[in-house]
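Here's the structure, in structure tokens; my notes come after.
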Amino acid sequence: MEVGTTSLPEKQELLYEGKAKLLYRTSDPELVWVEFKDDLTAFDGKKHATLEGKGAFNNQISAVLMGMLNQEGMRTHFVQLISEREQLVRHLKMVPLEVVVRNIVAGSLSRRTGIAEGTILEEPIVEFYYKSDELGDPLLCHQHITKVLRLATQEEIEELAQAGLAINRVLSHFFDQRGVTLVDFKLEFGRDSQGNLVLGDEITPDTCRLWDKATGTKMDKDRFRRDLGNVAEAYAEVLKRVGA
Ligand code: ADP
Ligand code: UDP
């Protein structure tokens with residue numbers, strides 16, 4: 001693992017503890033110190049486990065993927081790795097939407113439509129979910145977002161969708177070259193102090209469906225959701241494939 005070499009700001013108090021990460025304020029108001037936890041949750045937190053090493057795998061996987069997106073000219077919050085399980089990111093004001101991009105039918109899209117998991121979509125699609133633990137992250141239609149909850153304008157929805165699709169093109173190609181099919185994934189965006197839309201949160205096997213191209217083997221959180229076993233091995237393999 002290659003950690004950042006520039007001098008680090010001072011780590012200060014805990015800002016937020018979520019299900020997968022801890023966020024700390026730093027001496028630089030523009031930067032946040034993130035620590036990835038070993039906790040694994042599914043079904044709105046109803047299923048929970050601790051998996052030794054998961055935080056370290058996810059921290060490094062997200063660092064590689066976001067670092068690559070930065071190099072491709074896309075705005076992400078990733079600044080540098082601090083340690084195996086910590087990274088420094090830009091402090092964003094998060095948009096409370098989960099932006100899901102899908103290339104292949106799986107999970108809730110299969111349940112909602114009755115279309116078999118594994119069916120390839122004619123073109124990638126984008127869905128928006130309301131980031132609300134109390135409500136169980138419901139699927140929203142555009143008018144729920146613009147006219148009822150007023151979380152974003154139609155133009156911002158379009159900006160989020162275009163950003164999601166652009167990230168999908170780069171990520172799908174990157175994974176494909178490493179023998180992995182990117183089935184679907186969830187993104188979270190925020191605004192930086194200049195108002196730019198920036199990709200935040202994480203890109204990891206917790207937030208993506210990744211299938212081995214040769215065998216179809218699942219290499220993501222579905223191994224935990226569906227009790228398929230070898231969860232840590234799958235995350236380790238993803239880290240190996242992305243080449244950290
Ligand atoms: P959850 O909140 O769903 O339990 P996490 O444990 O992953 O999930 O918590 C991370 C929290 O930090 C999320 O609420 C996410 O929206 C937020 N977040 C992610 N990246 C940033 C960032 N760069 N700046 C501020 N908040 C962020
Ligand atoms: N996803 C996520 N967090 C969520 C919901 C979904 O990271 O709160 C990811 C999930 O890992 C998958 C994609 O978004 O890669 C689509 O998930 P889906 O709607 O199929 O959800 P499921 O009900 O199967 O978890």
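The way I read the labels, and the way they are meant: chains A, B, ... in the order of the structure tokens, residue 1 as the first residue of every chain, and ligand 1 as the first ligand shown, with later ones counted on from there.
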DSSP on the backbone: which residues in stretch 4-244 of chain A end up as strand (DSSP E)? Give the answer as a PyMOL selection string. chain A and resi 11-17+21-26+31-36+39-42+47-50+78-83+86-90+93-94+97-104+120-130+139-140+180-191+197-200+208-212
Quick one: residues within 7 Å of ligand 2, with only C-alpha atoms and all ligand atoms, as a ChimeraX atom specification? /A:43,100,106-109,137,184-186,206-209,221
For the residues in the current selection, export all heavy atoms as an mmCIF file, in the first residue's frame.
```cif
data_model
loop_
_atom_site.group_PDB
_atom_site.id
_atom_site.type_symbol
_atom_site.label_atom_id
_atom_site.label_comp_id
_atom_site.auth_asym_id
_atom_site.auth_seq_id
_atom_site.Cartn_x
_atom_site.Cartn_y
_atom_site.Cartn_z
ATOM 1 N N PHE A 43 -29.762 -4.998 4.613
ATOM 2 C CA PHE A 43 -31.195 -4.908 4.897
ATOM 3 C C PHE A 43 -31.467 -3.816 5.942
ATOM 4 O O PHE A 43 -32.016 -4.089 7.010
ATOM 5 C CB PHE A 43 -31.759 -6.286 5.330
ATOM 6 C CG PHE A 43 -31.340 -7.407 4.431
ATOM 7 C CD1 PHE A 43 -30.599 -8.487 4.915
ATOM 8 C CD2 PHE A 43 -31.634 -7.372 3.067
ATOM 9 C CE1 PHE A 43 -30.180 -9.514 4.079
ATOM 10 C CE2 PHE A 43 -31.215 -8.395 2.219
ATOM 11 C CZ PHE A 43 -30.484 -9.465 2.723
ATOM 12 N N VAL A 100 -27.917 5.311 -8.057
ATOM 13 C CA VAL A 100 -27.577 3.932 -8.422
ATOM 14 C C VAL A 100 -27.514 3.827 -9.947
ATOM 15 O O VAL A 100 -28.433 4.262 -10.642
ATOM 16 C CB VAL A 100 -28.604 2.929 -7.838
ATOM 17 C CG1 VAL A 100 -28.425 1.532 -8.438
ATOM 18 C CG2 VAL A 100 -28.479 2.878 -6.315
ATOM 19 N N ALA A 106 -30.207 -6.810 -11.426
ATOM 20 C CA ALA A 106 -29.896 -7.568 -10.203
ATOM 21 C C ALA A 106 -30.666 -6.941 -9.043
ATOM 22 O O ALA A 106 -31.242 -5.856 -9.178
ATOM 23 C CB ALA A 106 -28.394 -7.544 -9.908
ATOM 24 N N GLY A 107 -30.665 -7.632 -7.922
ATOM 25 C CA GLY A 107 -31.183 -7.090 -6.669
ATOM 26 C C GLY A 107 -32.578 -6.523 -6.778
ATOM 27 O O GLY A 107 -33.491 -7.165 -7.301
ATOM 28 N N SER A 108 -32.740 -5.285 -6.290
ATOM 29 C CA SER A 108 -34.091 -4.706 -6.192
ATOM 30 C C SER A 108 -34.720 -4.486 -7.570
ATOM 31 O O SER A 108 -35.939 -4.510 -7.690
ATOM 32 C CB SER A 108 -34.060 -3.400 -5.399
ATOM 33 O OG SER A 108 -33.399 -2.383 -6.117
ATOM 34 N N LEU A 109 -33.909 -4.279 -8.613
ATOM 35 C CA LEU A 109 -34.502 -4.086 -9.958
ATOM 36 C C LEU A 109 -35.133 -5.396 -10.433
ATOM 37 O O LEU A 109 -36.207 -5.400 -11.036
ATOM 38 C CB LEU A 109 -33.450 -3.596 -10.959
ATOM 39 C CG LEU A 109 -33.986 -3.339 -12.375
ATOM 40 C CD1 LEU A 109 -35.080 -2.263 -12.373
ATOM 41 C CD2 LEU A 109 -32.867 -2.937 -13.323
ATOM 42 N N ASP A 137 -34.352 4.060 2.833
ATOM 43 C CA ASP A 137 -33.811 4.489 1.524
ATOM 44 C C ASP A 137 -34.766 4.198 0.362
ATOM 45 O O ASP A 137 -34.445 3.406 -0.543
ATOM 46 C CB ASP A 137 -32.463 3.796 1.235
ATOM 47 C CG ASP A 137 -31.376 4.145 2.239
ATOM 48 O OD1 ASP A 137 -31.542 5.121 2.993
ATOM 49 O OD2 ASP A 137 -30.358 3.425 2.258
ATOM 50 N N ASP A 184 -23.751 -3.256 -11.083
ATOM 51 C CA ASP A 184 -24.411 -2.022 -10.644
ATOM 52 C C ASP A 184 -23.631 -1.437 -9.475
ATOM 53 O O ASP A 184 -22.750 -2.098 -8.920
ATOM 54 C CB ASP A 184 -25.888 -2.278 -10.266
ATOM 55 C CG ASP A 184 -26.067 -3.291 -9.144
ATOM 56 O OD1 ASP A 184 -25.177 -3.418 -8.293
ATOM 57 O OD2 ASP A 184 -27.107 -3.966 -9.127
ATOM 58 N N PHE A 185 -23.947 -0.203 -9.111
ATOM 59 C CA PHE A 185 -23.263 0.421 -7.978
ATOM 60 C C PHE A 185 -24.021 1.660 -7.524
ATOM 61 O O PHE A 185 -24.848 2.200 -8.253
ATOM 62 C CB PHE A 185 -21.799 0.783 -8.311
ATOM 63 C CG PHE A 185 -21.634 1.700 -9.493
ATOM 64 C CD1 PHE A 185 -21.413 3.062 -9.330
ATOM 65 C CD2 PHE A 185 -21.688 1.203 -10.792
ATOM 66 C CE1 PHE A 185 -21.259 3.905 -10.425
ATOM 67 C CE2 PHE A 185 -21.535 2.042 -11.888
ATOM 68 C CZ PHE A 185 -21.321 3.390 -11.708
ATOM 69 N N LYS A 186 -23.688 2.078 -6.289
ATOM 70 C CA LYS A 186 -24.327 3.240 -5.672
ATOM 71 C C LYS A 186 -23.290 4.338 -5.450
ATOM 72 O O LYS A 186 -22.186 4.056 -4.979
ATOM 73 C CB LYS A 186 -24.931 2.800 -4.330
ATOM 74 C CG LYS A 186 -25.681 3.859 -3.574
ATOM 75 C CD LYS A 186 -24.874 4.620 -2.537
ATOM 76 C CE LYS A 186 -24.238 3.781 -1.481
ATOM 77 N NZ LYS A 186 -23.424 4.587 -0.532
ATOM 78 N N ASP A 206 -18.854 -3.117 -0.963
ATOM 79 C CA ASP A 206 -20.088 -2.863 -0.192
ATOM 80 C C ASP A 206 -21.116 -2.126 -1.042
ATOM 81 O O ASP A 206 -22.314 -2.200 -0.769
ATOM 82 C CB ASP A 206 -19.799 -1.961 1.027
ATOM 83 C CG ASP A 206 -19.309 -2.737 2.226
ATOM 84 O OD1 ASP A 206 -19.098 -3.959 2.111
ATOM 85 O OD2 ASP A 206 -19.127 -2.112 3.296
ATOM 86 N N THR A 207 -20.650 -1.362 -2.028
ATOM 87 C CA THR A 207 -21.548 -0.458 -2.761
ATOM 88 C C THR A 207 -21.658 -0.794 -4.257
ATOM 89 O O THR A 207 -22.333 -0.080 -4.985
ATOM 90 C CB THR A 207 -21.075 1.004 -2.613
ATOM 91 O OG1 THR A 207 -19.774 1.124 -3.207
ATOM 92 C CG2 THR A 207 -21.011 1.449 -1.162
ATOM 93 N N CYS A 208 -20.948 -1.856 -4.671
ATOM 94 C CA CYS A 208 -20.990 -2.275 -6.078
ATOM 95 C C CYS A 208 -21.368 -3.754 -6.143
ATOM 96 O O CYS A 208 -21.068 -4.507 -5.223
ATOM 97 C CB CYS A 208 -19.602 -2.206 -6.726
ATOM 98 S SG CYS A 208 -18.810 -0.620 -6.731
ATOM 99 N N ARG A 209 -21.970 -4.168 -7.254
ATOM 100 C CA ARG A 209 -22.035 -5.609 -7.545
ATOM 101 C C ARG A 209 -20.943 -5.895 -8.565
ATOM 102 O O ARG A 209 -20.906 -5.264 -9.634
ATOM 103 C CB ARG A 209 -23.398 -6.015 -8.101
ATOM 104 C CG ARG A 209 -24.466 -6.093 -7.045
ATOM 105 C CD ARG A 209 -25.686 -6.892 -7.481
ATOM 106 N NE ARG A 209 -26.527 -7.154 -6.334
ATOM 107 C CZ ARG A 209 -27.529 -6.341 -5.950
ATOM 108 N NH1 ARG A 209 -27.811 -5.257 -6.646
ATOM 109 N NH2 ARG A 209 -28.233 -6.629 -4.883
ATOM 110 N N LYS A 221 -20.794 -7.540 -1.658
ATOM 111 C CA LYS A 221 -21.570 -7.711 -0.427
ATOM 112 C C LYS A 221 -22.711 -8.714 -0.557
ATOM 113 O O LYS A 221 -23.240 -9.172 0.460
ATOM 114 C CB LYS A 221 -22.100 -6.353 0.058
ATOM 115 C CG LYS A 221 -22.543 -6.390 1.507
ATOM 116 C CD LYS A 221 -22.564 -5.024 2.149
ATOM 117 C CE LYS A 221 -23.889 -4.355 2.033
ATOM 118 N NZ LYS A 221 -23.946 -3.098 2.806
#
```
Residues of stretch 32-198 of chain A in helix (DSSP H, G or I) according to DSSP, as a PyMOL selection string? chain A and resi 54-71+107-113+142-148+154-177
Shortest interatomic distance to A:Leu182 - which of A:Ile157, A:Leu210, A:Met74, A:Ala236, counting only C-alpha atoms: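 Result for the nearest residue to A:Leu182: A:Leu210.
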Please identify every polymer residue within 9 Å of ligand 1, using only C-alpha atoms and all ligand atoms, and present the set as a count of residues only. 41
What lies within 10 Å of A:Ile120 using only C-alpha atoms, ignoring chain neighbours under 4 positions off, as a list in words?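 Contacts, with the query itself left out: Arg102, Asn103, Ile104, Val105, Ala106, Ala116, Pro124 and Val183 of chain A.
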With C-alpha atoms kept, could you save the residues just selected as a CSV table (one decimal), in the first residue's frame?
```csv
chain,number,residue,atom,x,y,z
A,102,ARG,CA,-27.1,-0.3,-13.4
A,103,ASN,CA,-25.6,-2.2,-16.4
A,104,ILE,CA,-27.2,-5.6,-15.6
A,105,VAL,CA,-30.5,-6.5,-13.8
A,106,ALA,CA,-29.9,-7.6,-10.2
A,116,ALA,CA,-34.2,-12.3,-14.2
A,124,PRO,CA,-27.1,1.8,-18.4
A,183,VAL,CA,-23.2,-5.0,-12.6
```
Need the shell around stretch 49-55 of chain A: protein/DNA/RNA residues with any atom at most 8 Å away, counting only C-alpha atoms. Skip same-chain ones fewer than 5 positions apart. Format as a list of chain:residue names?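 Counting only C-alpha atoms, the residues come to A:Ala20, A:Glu35, A:Phe36, A:Lys37, A:Asp38, A:Asp39, A:Leu40, A:Thr41, A:Arg85, A:Ala232, A:Tyr235.
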I need the chosen residues saved as a CSV table (one decimal), in the first residue's frame, with N, CA, C and O atoms.
```csv
chain,number,residue,atom,x,y,z
A,20,ALA,N,-20.5,2.2,8.3
A,20,ALA,CA,-19.3,1.7,7.7
A,20,ALA,C,-18.0,2.5,7.9
A,20,ALA,O,-16.9,2.1,7.7
A,35,GLU,N,-12.1,6.9,8.7
A,35,GLU,CA,-11.7,5.6,9.1
A,35,GLU,C,-12.7,4.6,8.7
A,35,GLU,O,-13.9,4.7,9.0
A,36,PHE,N,-12.3,3.6,8.0
A,36,PHE,CA,-13.2,2.5,7.5
A,36,PHE,C,-13.3,1.5,8.6
A,36,PHE,O,-12.3,1.0,9.1
A,37,LYS,N,-14.6,1.1,8.9
A,37,LYS,CA,-14.8,0.1,10.0
A,37,LYS,C,-14.9,-1.3,9.4
A,37,LYS,O,-15.1,-1.5,8.2
A,38,ASP,N,-14.8,-2.3,10.3
A,38,ASP,CA,-14.9,-3.7,9.9
A,38,ASP,C,-16.3,-4.2,9.9
A,38,ASP,O,-16.6,-5.3,9.6
A,39,ASP,N,-17.3,-3.3,10.2
A,39,ASP,CA,-18.7,-3.7,10.3
A,39,ASP,C,-19.3,-3.9,8.9
A,39,ASP,O,-19.0,-3.1,8.0
A,40,LEU,N,-20.1,-4.9,8.8
A,40,LEU,CA,-20.9,-5.2,7.6
A,40,LEU,C,-22.3,-5.2,7.9
A,40,LEU,O,-22.7,-5.8,8.9
A,41,THR,N,-23.1,-4.4,7.2
A,41,THR,CA,-24.6,-4.4,7.5
A,41,THR,C,-25.3,-4.6,6.2
A,41,THR,O,-24.8,-4.3,5.1
A,85,ARG,N,-6.4,1.7,6.9
A,85,ARG,CA,-7.8,1.8,7.1
A,85,ARG,C,-8.3,3.3,7.1
A,85,ARG,O,-9.4,3.6,7.5
A,232,ALA,N,-14.6,-12.2,3.1
A,232,ALA,CA,-13.3,-11.5,3.2
A,232,ALA,C,-12.4,-11.9,2.0
A,232,ALA,O,-11.7,-11.0,1.4
A,235,TYR,N,-13.4,-9.8,-1.0
A,235,TYR,CA,-13.0,-8.4,-0.9
A,235,TYR,C,-11.5,-8.3,-1.2
A,235,TYR,O,-11.0,-7.4,-1.8
```
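Shell of A:Gln177 at 12 Å, with only C-alpha atoms counted and residues fewer than 5 places along the chain excluded, is Val170, Leu171, Ser172, Leu182, Asp212, Lys213, Arg241, Val242 and Gly243 of chain A.
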Point out the residue among A:Lys47, A:Leu160, A:Tyr129, A:Ala214 with the least atom-to-atom distance to A:Asp176, counting only C-alpha atoms. A:Ala214
